[in-house]
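Pasted below: target.txt, compact mmCIF, C-alpha atoms and all ligand atoms.
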```txt
# COMPACT_ATOMS: atom_id res chain seq x y z
CA MET A 1 112.51 121.51 87.72
CA MET A 2 109.93 122.58 85.18
CA PRO A 3 111.57 124.13 82.12
CA GLU A 4 110.58 127.70 81.39
CA ASN A 5 108.07 128.04 78.52
CA LEU A 6 107.18 124.38 78.74
CA ILE A 7 105.13 123.21 75.77
CA ARG A 8 102.47 121.35 77.66
CA LEU A 9 100.98 118.05 76.58
CA SER A 10 97.48 119.41 77.19
CA LYS A 11 95.81 122.23 79.04
CA SER A 12 92.57 124.04 79.75
CA VAL A 13 92.11 127.09 77.55
CA ILE A 14 90.13 129.54 79.65
CA GLY A 15 89.25 133.17 78.89
CA PRO A 16 87.54 136.08 80.64
CA GLU A 17 84.12 134.62 79.70
CA GLU A 18 84.62 131.58 81.95
CA LYS A 19 86.08 133.69 84.76
CA ASN A 20 83.18 136.15 84.72
CA ALA A 21 80.62 133.35 84.59
CA VAL A 22 82.14 131.74 87.68
CA ILE A 23 82.22 135.04 89.56
CA LYS A 24 78.51 135.49 88.81
CA VAL A 25 77.74 132.12 90.36
CA LEU A 26 79.92 132.89 93.38
CA ASP A 27 78.20 136.24 93.86
CA ASN A 28 74.83 134.57 93.61
CA GLY A 29 75.71 132.38 96.58
CA ARG A 30 74.24 129.16 95.24
CA LEU A 31 77.12 126.95 94.25
CA GLY A 32 75.51 123.52 94.05
CA MET A 33 73.36 122.01 91.32
CA GLY A 34 70.89 124.64 90.17
CA SER A 35 69.87 126.81 87.26
CA GLU A 36 73.32 126.86 85.60
CA VAL A 37 73.34 123.07 85.39
CA LYS A 38 69.86 123.16 83.89
CA LYS A 39 71.03 125.70 81.33
CA PHE A 40 74.13 123.64 80.47
CA GLU A 41 71.99 120.51 80.10
CA ASP A 42 69.56 122.36 77.84
CA LEU A 43 72.43 123.59 75.66
CA LEU A 44 73.96 120.12 75.49
CA SER A 45 70.60 118.58 74.61
CA LYS A 46 70.35 121.10 71.78
CA PHE A 47 73.90 120.34 70.66
CA PHE A 48 73.23 116.60 70.53
CA ASP A 49 69.56 116.90 69.62
CA ARG A 50 68.64 114.41 72.36
CA PRO A 51 68.46 114.36 76.17
CA ALA A 52 71.75 115.06 77.99
CA LEU A 53 72.42 114.83 81.73
CA CYS A 54 75.38 116.41 83.50
CA CYS A 55 77.37 114.78 86.26
CA VAL A 56 80.52 115.27 88.26
CA ASN A 57 82.98 113.66 85.83
CA GLY A 58 83.31 111.29 82.90
CA THR A 59 83.97 108.29 85.12
CA ALA A 60 80.67 108.92 86.91
CA ALA A 61 78.94 109.28 83.52
CA LEU A 62 80.15 105.78 82.61
CA HIS A 63 79.31 104.33 86.03
CA LEU A 64 75.78 105.78 86.01
CA SER A 65 75.18 104.59 82.44
CA LEU A 66 76.37 101.07 83.16
CA GLN A 67 74.29 100.83 86.31
CA ALA A 68 71.17 102.18 84.59
CA SER A 69 71.74 99.67 81.76
CA GLY A 70 71.40 96.89 84.30
CA VAL A 71 75.10 95.97 84.42
CA GLY A 72 75.72 94.52 87.86
CA PHE A 73 77.44 91.90 89.97
CA ASN A 74 79.30 89.22 87.97
CA ASP A 75 78.21 90.59 84.62
CA GLU A 76 80.86 90.98 81.95
CA VAL A 77 81.57 94.03 79.82
CA LEU A 78 83.71 93.96 76.69
CA VAL A 79 86.17 96.84 76.55
CA GLN A 80 89.52 97.55 74.98
CA SER A 81 92.45 97.20 77.34
CA LEU A 82 94.07 100.28 75.80
CA THR A 83 92.02 102.99 77.48
CA TYR A 84 92.14 105.27 80.47
CA LEU A 85 91.83 103.44 83.79
CA ALA A 86 88.51 105.26 84.34
CA THR A 87 86.74 103.08 81.77
CA PHE A 88 87.76 99.96 83.69
CA GLN A 89 87.03 101.37 87.12
CA ALA A 90 83.54 102.47 86.09
CA ILE A 91 82.80 98.87 85.08
CA SER A 92 84.25 97.26 88.20
CA ALA A 93 82.43 99.86 90.34
CA CYS A 94 79.22 98.11 89.23
CA GLY A 95 80.55 94.80 90.53
CA ALA A 96 80.95 93.73 86.91
CA LYS A 97 84.05 92.38 85.21
CA PRO A 98 85.75 94.40 82.50
CA VAL A 99 86.87 91.87 79.87
CA PRO A 100 89.98 93.37 78.24
CA CYS A 101 89.98 93.13 74.45
CA ASP A 102 92.53 93.94 71.78
CA VAL A 103 92.47 97.02 69.53
CA ASN A 104 92.63 97.48 65.78
CA LYS A 105 96.11 98.52 64.71
CA ASP A 106 95.06 101.37 62.47
CA THR A 107 92.62 103.17 64.81
CA LEU A 108 93.30 101.85 68.35
CA THR A 109 89.58 101.18 68.68
CA LEU A 110 87.97 97.93 69.85
CA ASP A 111 88.91 94.84 67.81
CA LEU A 112 85.58 93.09 67.24
CA ASN A 113 87.23 89.85 66.19
CA ASP A 114 88.80 89.58 69.58
CA ALA A 115 85.71 90.88 71.39
CA SER A 116 83.45 88.26 69.78
CA LYS A 117 85.77 85.48 71.02
CA LYS A 118 85.25 86.77 74.54
CA LEU A 119 81.44 86.77 74.49
CA THR A 120 79.84 84.62 77.19
CA ASN A 121 76.31 84.35 78.51
CA ARG A 122 77.32 86.84 81.20
CA THR A 123 78.24 89.54 78.68
CA LYS A 124 75.86 92.47 79.13
CA ALA A 125 77.45 95.39 77.36
CA VAL A 126 80.23 96.61 75.14
CA VAL A 127 82.11 99.84 75.80
CA PRO A 128 83.83 101.13 72.66
CA VAL A 129 86.36 103.88 73.35
CA HIS A 130 86.68 106.55 70.66
CA PHE A 131 90.44 106.64 70.98
CA ALA A 132 91.87 110.12 70.34
CA GLY A 133 88.39 111.05 69.06
CA ASP A 134 88.33 108.30 66.42
CA PRO A 135 85.12 106.21 66.50
CA GLY A 136 86.63 103.58 64.17
CA LYS A 137 83.93 101.52 62.47
CA LEU A 138 81.24 102.31 65.00
CA HIS A 139 78.38 100.87 62.93
CA GLU A 140 80.05 97.44 63.19
CA ILE A 141 80.03 97.72 66.98
CA TYR A 142 76.29 98.42 66.83
CA GLU A 143 75.68 95.45 64.49
CA PHE A 144 77.68 93.20 66.82
CA ALA A 145 75.80 94.49 69.88
CA SER A 146 72.39 94.12 68.35
CA SER A 147 73.01 90.57 67.16
CA ASN A 148 74.22 89.64 70.65
CA GLY A 149 71.68 91.59 72.72
CA LEU A 150 74.26 93.94 74.29
CA ARG A 151 73.94 97.52 75.43
CA VAL A 152 76.46 99.94 73.89
CA ILE A 153 77.94 102.51 76.23
CA GLU A 154 80.25 104.67 74.17
CA ASP A 155 83.22 106.09 76.04
CA SER A 156 83.21 109.36 74.10
CA ALA A 157 85.52 111.16 76.53
CA HIS A 158 87.93 111.92 73.68
CA ALA A 159 85.30 112.61 71.06
CA PHE A 160 83.40 115.77 71.92
CA GLY A 161 82.68 117.44 68.57
CA THR A 162 83.68 114.48 66.39
CA LYS A 163 81.38 113.52 63.53
CA TYR A 164 80.77 110.00 62.27
CA ASN A 165 78.99 109.68 58.91
CA ASN A 166 78.10 113.37 59.24
CA GLN A 167 76.44 112.84 62.60
CA THR A 168 77.83 114.24 65.84
CA ILE A 169 79.05 111.56 68.25
CA GLY A 170 76.42 111.40 70.98
CA SER A 171 73.57 112.41 68.66
CA PHE A 172 72.81 108.80 67.72
CA GLY A 173 73.28 105.31 69.12
CA ASP A 174 72.51 103.82 72.52
CA ILE A 175 74.40 105.77 75.25
CA SER A 176 77.31 108.16 74.92
CA CYS A 177 79.44 109.38 77.83
CA PHE A 178 81.59 112.51 77.74
CA SER A 179 84.17 113.99 80.07
CA PHE A 180 84.68 117.70 80.71
CA ASP A 181 87.78 117.35 82.85
CA GLY A 182 90.38 120.07 82.61
CA ILE A 183 92.13 118.78 79.51
CA LYS A 184 89.26 117.45 77.40
CA ASN A 185 87.99 119.09 74.19
CA ILE A 186 85.76 121.30 76.33
CA THR A 187 85.97 121.54 80.10
CA SER A 188 83.79 122.45 83.04
CA GLY A 189 86.73 122.13 85.46
CA GLU A 190 85.76 118.58 86.18
CA GLY A 191 82.50 117.24 84.81
CA GLY A 192 80.84 114.90 82.40
CA CYS A 193 77.60 114.13 80.64
CA ILE A 194 75.47 111.25 79.46
CA VAL A 195 73.50 111.43 76.22
CA SER A 196 70.78 108.98 75.24
CA ASP A 197 67.25 108.92 73.93
CA ASP A 198 66.28 106.00 76.16
CA MET A 199 63.90 107.90 78.44
CA GLU A 200 63.76 105.18 81.09
CA LEU A 201 67.56 105.21 81.31
CA ILE A 202 67.54 109.00 81.53
CA ARG A 203 65.03 108.86 84.38
CA LEU A 204 67.12 106.31 86.29
CA ILE A 205 70.32 108.34 85.89
CA LYS A 206 68.60 111.59 86.90
CA ASP A 207 67.79 110.03 90.26
CA ALA A 208 70.95 107.96 90.67
CA ARG A 209 73.22 111.01 90.37
CA LEU A 210 71.44 112.57 93.39
CA LEU A 211 71.74 109.66 95.84
CA GLY A 212 68.81 107.92 94.19
CA ILE A 213 66.32 110.45 95.55
CA ILE A 214 63.25 110.16 93.36
CA ASN A 215 62.60 113.27 91.25
CA ASP A 216 65.02 115.59 93.04
CA THR A 217 66.46 117.09 89.83
CA ASN A 218 63.60 119.51 89.16
CA ASN A 219 63.67 120.79 92.72
CA ARG A 220 67.40 121.47 92.42
CA PHE A 221 66.90 123.31 89.17
CA SER A 222 64.51 125.74 90.87
CA GLY A 223 66.79 126.31 93.86
CA LYS A 224 64.96 123.88 96.14
CA ARG A 225 65.59 120.38 97.37
CA SER A 226 63.48 117.44 98.44
CA TRP A 227 63.00 117.16 102.21
CA ASN A 228 60.45 114.44 102.10
CA PHE A 229 61.48 111.74 99.66
CA ASP A 230 61.75 108.11 98.77
CA VAL A 231 64.67 106.12 97.36
CA SER A 232 64.30 102.88 95.42
CA THR A 233 67.83 102.29 94.08
CA GLN A 234 71.47 102.72 95.04
CA GLY A 235 72.50 106.26 94.13
CA TRP A 236 75.63 108.39 94.25
CA ARG A 237 76.66 112.00 94.88
CA TYR A 238 77.48 112.45 91.22
CA HIS A 239 75.64 115.68 90.32
CA MET A 240 77.34 118.68 88.72
CA SER A 241 77.67 122.05 90.47
CA ASP A 242 76.63 125.44 89.09
CA ILE A 243 80.27 126.59 89.22
CA MET A 244 81.24 123.81 86.84
CA ALA A 245 78.24 124.33 84.58
CA ALA A 246 79.01 128.06 84.30
CA ILE A 247 82.46 127.16 82.89
CA GLY A 248 81.02 124.46 80.64
CA ILE A 249 78.45 126.82 79.10
CA GLN A 250 81.18 129.26 78.03
CA GLN A 251 83.37 126.44 76.71
CA LEU A 252 80.53 125.02 74.65
CA ASN A 253 80.24 128.43 72.98
CA LYS A 254 83.81 128.02 71.77
CA ILE A 255 83.54 124.46 70.50
CA ASP A 256 83.86 125.39 66.83
CA TYR A 257 87.07 127.30 67.45
CA PHE A 258 88.51 124.57 69.71
CA SER A 259 87.63 121.83 67.22
CA ARG A 260 89.07 123.65 64.22
CA LYS A 261 92.25 124.41 66.12
CA ARG A 262 92.77 120.80 67.21
CA GLN A 263 92.07 119.55 63.69
CA ASP A 264 94.48 122.03 62.10
CA LEU A 265 97.22 121.12 64.57
CA ALA A 266 96.78 117.40 63.96
CA LYS A 267 96.93 117.96 60.19
CA LYS A 268 100.12 119.95 60.71
CA TYR A 269 101.64 117.10 62.75
CA ASP A 270 100.68 114.67 59.97
CA GLU A 271 102.42 116.85 57.44
CA LEU A 272 105.58 117.34 59.52
CA LEU A 273 105.83 113.66 60.37
CA SER A 274 105.29 112.52 56.80
CA PHE A 275 108.98 113.36 56.23
CA SER A 276 110.07 110.80 58.80
CA ASN A 277 110.28 107.15 57.80
CA GLN A 278 110.90 106.09 61.41
CA ILE A 279 107.76 107.39 63.04
CA SER A 280 104.27 106.21 62.19
CA SER A 281 101.24 108.28 62.89
CA PHE A 282 97.61 107.25 62.56
CA LYS A 283 95.77 108.02 59.34
CA ARG A 284 92.74 109.84 60.63
CA ASN A 285 90.30 112.08 58.85
CA TYR A 286 90.64 115.35 60.70
CA THR A 287 87.77 116.91 58.82
CA SER A 288 85.28 114.80 60.77
CA ILE A 289 87.40 113.72 63.76
CA VAL A 290 88.22 116.24 66.48
CA PRO A 291 91.42 114.84 68.00
CA HIS A 292 91.77 114.88 71.77
CA ILE A 293 95.33 113.55 71.71
CA TYR A 294 97.97 113.07 69.02
CA SER A 295 99.78 109.76 69.44
CA ILE A 296 102.58 108.35 67.35
CA ILE A 297 104.31 104.97 67.22
CA LEU A 298 108.02 105.14 67.97
CA PRO A 299 110.63 102.92 66.32
CA LYS A 300 111.12 99.60 68.14
CA THR A 301 114.63 100.60 69.12
CA THR A 302 113.72 103.92 70.77
CA LYS A 303 113.93 104.01 74.56
CA ARG A 304 110.69 105.81 75.33
CA ASP A 305 111.49 106.91 78.89
CA LEU A 306 114.83 108.38 77.89
CA LEU A 307 113.27 110.16 74.94
CA ARG A 308 110.55 111.62 77.16
CA GLU A 309 113.16 112.88 79.63
CA LYS A 310 115.22 114.41 76.86
CA LEU A 311 112.19 116.14 75.34
CA TYR A 312 111.15 117.41 78.75
CA SER A 313 114.58 118.95 79.27
CA LEU A 314 114.06 120.74 75.96
CA GLY A 315 110.74 122.08 77.23
CA ILE A 316 108.37 119.54 75.65
CA GLU A 317 105.94 117.54 77.73
CA THR A 318 104.77 114.22 76.30
CA GLY A 319 102.38 111.53 77.49
CA ILE A 320 101.60 107.82 77.34
CA HIS A 321 98.05 106.87 76.32
CA TYR A 322 97.81 104.30 77.83
CA LEU A 323 99.25 101.60 80.01
CA PRO A 324 97.08 98.64 78.99
CA ASN A 325 94.67 97.92 81.84
CA HIS A 326 95.05 94.13 81.65
CA LYS A 327 98.62 94.63 82.93
CA LEU A 328 97.37 96.15 86.20
CA SER A 329 97.23 93.80 89.19
CA TYR A 330 93.56 94.48 89.84
CA TYR A 331 92.53 93.50 86.30
CA GLN A 332 94.93 90.67 85.54
CA ASN A 333 93.43 87.47 84.27
CA PRO A 334 95.69 84.53 83.38
CA ARG A 335 93.02 83.00 81.12
CA LEU A 336 92.98 86.06 78.95
CA GLY A 337 95.68 85.12 76.45
CA ASN A 338 97.62 87.72 74.53
CA LEU A 339 96.29 90.96 73.18
CA LEU A 340 98.68 91.00 70.24
CA ASN A 341 98.20 94.48 68.82
CA THR A 342 97.95 96.07 72.25
CA GLU A 343 101.13 94.39 73.42
CA GLU A 344 103.02 95.28 70.30
CA ILE A 345 101.91 98.91 70.05
CA ALA A 346 101.38 100.11 73.62
CA PRO A 347 105.07 100.18 74.64
CA ARG A 348 105.85 102.28 71.58
CA LEU A 349 103.06 104.86 71.86
CA LEU A 350 103.91 108.44 72.62
CA SER A 351 101.51 111.40 72.76
CA LEU A 352 102.75 114.78 71.56
CA PRO A 353 101.48 118.14 72.84
CA LEU A 354 98.01 119.00 71.56
CA HIS A 355 95.77 121.80 72.79
CA PRO A 356 94.27 124.95 71.26
CA ASP A 357 96.98 127.28 72.62
CA LEU A 358 99.71 125.76 70.43
CA ASN A 359 100.84 127.16 67.10
CA GLU A 360 102.65 125.79 64.06
CA GLU A 361 106.10 126.88 65.29
CA ASP A 362 105.54 124.94 68.50
CA LEU A 363 104.76 121.84 66.46
CA GLU A 364 107.80 122.33 64.24
CA PHE A 365 109.98 122.52 67.33
CA VAL A 366 108.35 119.41 68.82
CA VAL A 367 108.81 117.32 65.68
CA ARG A 368 112.36 118.52 65.06
CA SER A 369 113.35 117.74 68.67
CA LEU A 370 111.63 114.38 68.48
CA ILE A 371 113.38 113.27 65.30
CA GLU A 372 116.79 114.46 66.51
CA ASN A 373 116.47 112.44 69.70
CA LEU A 374 114.96 109.14 68.56
C1 LIG B 1 88.99 111.39 80.65
C2 LIG B 1 88.53 110.03 80.34
C3 LIG B 1 87.55 109.36 81.11
C4 LIG B 1 87.05 109.85 82.43
O1 LIG B 1 86.67 111.12 82.51
P1 LIG B 1 86.90 111.95 83.87
O2 LIG B 1 86.08 113.17 83.63
O3 LIG B 1 88.36 112.24 83.96
O4 LIG B 1 86.40 111.14 85.00
C5 LIG B 1 87.11 108.14 80.67
N1 LIG B 1 87.61 107.56 79.57
C6 LIG B 1 88.57 108.14 78.83
C7 LIG B 1 89.06 107.44 77.61
C8 LIG B 1 89.08 109.39 79.20
O5 LIG B 1 90.06 109.95 78.49
```
Could the structure of this file be written out as C-alpha cells, please?
Ligand SMILES: *Cc1c(COP(=O)(O)O)cnc(C)c1O
Amino acid sequence: MMPENLIRLSKSVIGPEEKNAVIKVLDNGRLGMGSEVKKFEDLLSKFFDRPALCCVNGTAALHLSLQASGVGFNDEVLVQSLTYLATFQAISACGAKPVPCDVNKDTLTLDLNDASKKLTNRTKAVVPVHFAGDPGKLHEIYEFASSNGLRVIEDSAHAFGTKYNNQTIGSFGDISCFSFDGIKNITSGEGGCIVSDDMELIRLIKDARLLGIINDTNNRFSGKRSWNFDVSTQGWRYHMSDIMAAIGIQQLNKIDYFSRKRQDLAKKYDELLSFSNQISSFKRNYTSIVPHIYSIILPKTTKRDLLREKLYSLGIETGIHYLPNHKLSYYQNPRLGNLLNTEEIAPRLLSLPLHPDLNEEDLEFVVRSLIENL
C-alpha cells in the first residue's frame, strides 16, 4: 500500500499554464507535430543559442544523434556503465557496442583513464553522462575526443539548466541530448531534444525523426505533410507531438524557478547531511549545477533494500541510480575486467527525494529518518 502523503522521489510539477496549453491544442484538433513543436524548437534554440530539434524522448535523441554521427554496426562507443539503461540501448540500437567504462569517484562521471584503455580502432564516439547534472571535467572529455578523432554525444538528460564554465550545457560542444520525460528538470510529458551546431547533423536528424522522409519537417510545421517524397536513409517515428510541445513551452518558462528550487534543496541536503559522519554526499557546486537527482553513499554495513523498505513505510520514496549496465545479461563482456569505482560505489548509492514541490521540512524529515534507520 502507498503511504498517505508519500514524499515522492521525483515528480512532474504542472500548473494551470500547462493544462490550458494542452486544452488549446486539443481544441485545435491537430495533435501531431505542428506549429507548437516549431515554437518549442525556436524557444529551445534561443535558450541554447544554437539549433535544437525536438523528438519523442531522450532515448530517441541519443539514438538519432549516434546514427547521424555515423555510429553503426560493430562500431564501439565509450560510455560509463553507471547510467540509465537508455544510454546503452540507444547505442546498441545502432548496431554498435557500448563499451562500459568506470566512473570518477567524486563526480560519478566518465573516468577517462579507464576509457582511454578501452580505445580501439573501432571506437567512434564517447558518450559522457552528466550524472545528476554534474558535467565533471567536460573539457578533458573534449580534449580526449579530439586527439582520438571521436564524436562527443553528451547525455545531458540530467543537466537541463546546468552551467559549465559559465556556459549552459548544450550551448557549446559537439552534440547534446536532453530528456523531457515526466521527472526531468523540465518535462513535456515525454520528449527530448538534440542540440548541435553541426548543420549537416541537424539536417540528417530532421529527416530521420520523420521516417527519413526528406524535408518533411517544414511541411509538418505548416500543418501539411509530404505525399510525394523520397527517402535515402533509415528513419524512425521519433517526432514530437504538439500536445507534448505545448507542455514543454510552459515548463521552459519556469526553468529559472525549477532550477533555483532544485539547487536550494540540494544545498539544504548538503547542510543536513554534513552532521552525519556515516553518510557521504557528493561535493557539487549547486550555483552552476542544477541537480536532477540527489544521491548519497551509504555506509558499507547498511542493508540498502531494508532501509528503502523502512523509509517507504515512513512515507519516503527513494531510488537507485543506477544498476551498472555491464551487470545486465545483454551487455556482459567477460573481457571487460573490473570497473573498480563502479563496483565499489554502485551497491551503496541511494537517491533521496528531489523535486520542486518539496520544502525544507520534508528534507529534515527525510534526513532524520534516514540517519535513524541506517
Ligand atoms: C532519462 C534519461 C535518458 C532517456 O530519456 P527518456 O526521455 O526517458 O527516453 C537517458 N539518459 C539518462 C541518464 C536519463 O536519465
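Minimum distance to Leu354 of chain A across A:Leu78, A:Ile175, A:Leu370, A:Leu9 (counting all atoms listed in the file) occurs at A:Leu9.
Of the residues under consideration (A:Leu66, A:Phe160, A:Thr109, A:Glu154), A:Phe160 shows the shortest atom-to-atom contact distance to Phe48 of chain A when counting only C-alpha atoms.
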- Message: Need to verify the contact set: segment 200-214 of chain A, 8 Å, all atoms listed in the file, exclusion of same-chain residues closer than 5 positions in sequence. Can you return it as a ChimeraX atom specification?
- Response: /A:51,53,55,64-65,68-69,229-239
Output the selection as a short mmCIF file (atom, residue, chain, number, x, y, z; two decimals), in the frame of the given file - C-alpha atoms for each residue.
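So the final result, stored in selection29.cif, reads:
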```
data_model
loop_
_atom_site.label_atom_id
_atom_site.label_comp_id
_atom_site.auth_asym_id
_atom_site.auth_seq_id
_atom_site.Cartn_x
_atom_site.Cartn_y
_atom_site.Cartn_z
CA PRO A 51 68.46 114.36 76.17
CA LEU A 53 72.42 114.83 81.73
CA CYS A 55 77.37 114.78 86.26
CA LEU A 64 75.78 105.78 86.01
CA SER A 65 75.18 104.59 82.44
CA ALA A 68 71.17 102.18 84.59
CA SER A 69 71.74 99.67 81.76
CA PHE A 229 61.48 111.74 99.66
CA ASP A 230 61.75 108.11 98.77
CA VAL A 231 64.67 106.12 97.36
CA SER A 232 64.30 102.88 95.42
CA THR A 233 67.83 102.29 94.08
CA GLN A 234 71.47 102.72 95.04
CA GLY A 235 72.50 106.26 94.13
CA TRP A 236 75.63 108.39 94.25
CA ARG A 237 76.66 112.00 94.88
CA TYR A 238 77.48 112.45 91.22
CA HIS A 239 75.64 115.68 90.32
#
```
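With atom CA of Ala90 of chain A on one side and atom CA of Ala60 of chain A on the other, the separation reads 7.1 Å.
With a cut-off of 8 Å and using all atoms listed in the file, the polymer residues contacting ligand LIG 1 (chain B) are Val56, Asn57, Gly58, Thr59, Ala60, Ala61, Leu62, Thr83, Tyr84, Leu85, Ala86, Thr87, Val129, His130, Phe131, Asp155, Ser156, Ala157, His158, Phe178, Ser179, Phe180, Asp181, Lys184, Glu190, Gly191 and Gly192 of chain A.
Comparing the minimum interatomic distances between Asp49 of chain A and each of A:Thr287, A:Asn148, A:Gln167, A:Ser276, counting only C-alpha atoms, we find that A:Gln167 sits nearest.
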- Query: What lies within 10 Å of Lys19 of chain A using all atoms listed in the file, ignoring chain neighbours under 3 positions off, as a ChimeraX atom specification?
  - Reply: /A:14-16,22-24,246-247,250
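What separates atom CA of Ile371 of chain A from atom CA of Ser10 of chain A is a distance of 20.8 Å.
The space separating atom CA of Glu17 of chain A from atom CA of Leu43 of chain A comes to 16.6 Å.
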- Query: Between A:Ile289, A:Leu26, A:Met33, A:Ala96, which has the minimum distance to Asp216 of chain A (counting all atoms listed in the file)?
  - Reply: A:Met33
Is it possible to dump segment 105-117 of chain A as a PDB file, in the first residue's frame, including just N, CA, C and O atoms?
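New file result37.pdb:
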```
ATOM      1  N   LYS A 105      35.260   8.747  -8.835  1.00  0.00           N
ATOM      2  CA  LYS A 105      34.595   8.589  -7.535  1.00  0.00           C
ATOM      3  C   LYS A 105      33.875   9.847  -7.070  1.00  0.00           C
ATOM      4  O   LYS A 105      32.832   9.775  -6.431  1.00  0.00           O
ATOM      5  N   ASP A 106      34.474  10.989  -7.360  1.00  0.00           N
ATOM      6  CA  ASP A 106      33.952  12.223  -6.767  1.00  0.00           C
ATOM      7  C   ASP A 106      32.761  12.803  -7.527  1.00  0.00           C
ATOM      8  O   ASP A 106      31.973  13.544  -6.962  1.00  0.00           O
ATOM      9  N   THR A 107      32.610  12.467  -8.817  1.00  0.00           N
ATOM     10  CA  THR A 107      31.531  13.072  -9.608  1.00  0.00           C
ATOM     11  C   THR A 107      30.574  12.051 -10.223  1.00  0.00           C
ATOM     12  O   THR A 107      29.489  12.420 -10.673  1.00  0.00           O
ATOM     13  N   LEU A 108      30.998  10.797 -10.283  1.00  0.00           N
ATOM     14  CA  LEU A 108      30.250   9.738 -10.998  1.00  0.00           C
ATOM     15  C   LEU A 108      30.130  10.036 -12.496  1.00  0.00           C
ATOM     16  O   LEU A 108      29.173   9.618 -13.151  1.00  0.00           O
ATOM     17  N   THR A 109      31.101  10.763 -13.018  1.00  0.00           N
ATOM     18  CA  THR A 109      31.181  10.973 -14.473  1.00  0.00           C
ATOM     19  C   THR A 109      32.285  10.085 -15.047  1.00  0.00           C
ATOM     20  O   THR A 109      33.078   9.496 -14.309  1.00  0.00           O
ATOM     21  N   LEU A 110      32.333  10.010 -16.365  1.00  0.00           N
ATOM     22  CA  LEU A 110      33.231   9.084 -17.068  1.00  0.00           C
ATOM     23  C   LEU A 110      34.694   9.208 -16.635  1.00  0.00           C
ATOM     24  O   LEU A 110      35.261  10.306 -16.656  1.00  0.00           O
ATOM     25  N   ASP A 111      35.293   8.073 -16.279  1.00  0.00           N
ATOM     26  CA  ASP A 111      36.710   8.014 -15.908  1.00  0.00           C
ATOM     27  C   ASP A 111      37.539   7.878 -17.188  1.00  0.00           C
ATOM     28  O   ASP A 111      37.562   6.826 -17.818  1.00  0.00           O
ATOM     29  N   LEU A 112      38.228   8.959 -17.552  1.00  0.00           N
ATOM     30  CA  LEU A 112      38.959   8.973 -18.822  1.00  0.00           C
ATOM     31  C   LEU A 112      40.155   8.039 -18.840  1.00  0.00           C
ATOM     32  O   LEU A 112      40.556   7.552 -19.895  1.00  0.00           O
ATOM     33  N   ASN A 113      40.731   7.811 -17.662  1.00  0.00           N
ATOM     34  CA  ASN A 113      41.827   6.848 -17.580  1.00  0.00           C
ATOM     35  C   ASN A 113      41.379   5.492 -18.072  1.00  0.00           C
ATOM     36  O   ASN A 113      42.047   4.840 -18.875  1.00  0.00           O
ATOM     37  N   ASP A 114      40.233   5.086 -17.559  1.00  0.00           N
ATOM     38  CA  ASP A 114      39.690   3.790 -17.936  1.00  0.00           C
ATOM     39  C   ASP A 114      39.241   3.813 -19.399  1.00  0.00           C
ATOM     40  O   ASP A 114      39.496   2.868 -20.145  1.00  0.00           O
ATOM     41  N   ALA A 115      38.582   4.902 -19.798  1.00  0.00           N
ATOM     42  CA  ALA A 115      38.082   4.990 -21.177  1.00  0.00           C
ATOM     43  C   ALA A 115      39.237   4.892 -22.175  1.00  0.00           C
ATOM     44  O   ALA A 115      39.119   4.209 -23.200  1.00  0.00           O
ATOM     45  N   SER A 116      40.372   5.546 -21.865  1.00  0.00           N
ATOM     46  CA  SER A 116      41.466   5.530 -22.853  1.00  0.00           C
ATOM     47  C   SER A 116      42.062   4.133 -23.000  1.00  0.00           C
ATOM     48  O   SER A 116      42.555   3.787 -24.066  1.00  0.00           O
ATOM     49  N   LYS A 117      41.982   3.325 -21.940  1.00  0.00           N
ATOM     50  CA  LYS A 117      42.463   1.933 -22.044  1.00  0.00           C
ATOM     51  C   LYS A 117      41.566   1.103 -22.960  1.00  0.00           C
ATOM     52  O   LYS A 117      41.965   0.039 -23.417  1.00  0.00           O
TER      53      LYS A 117
END
```
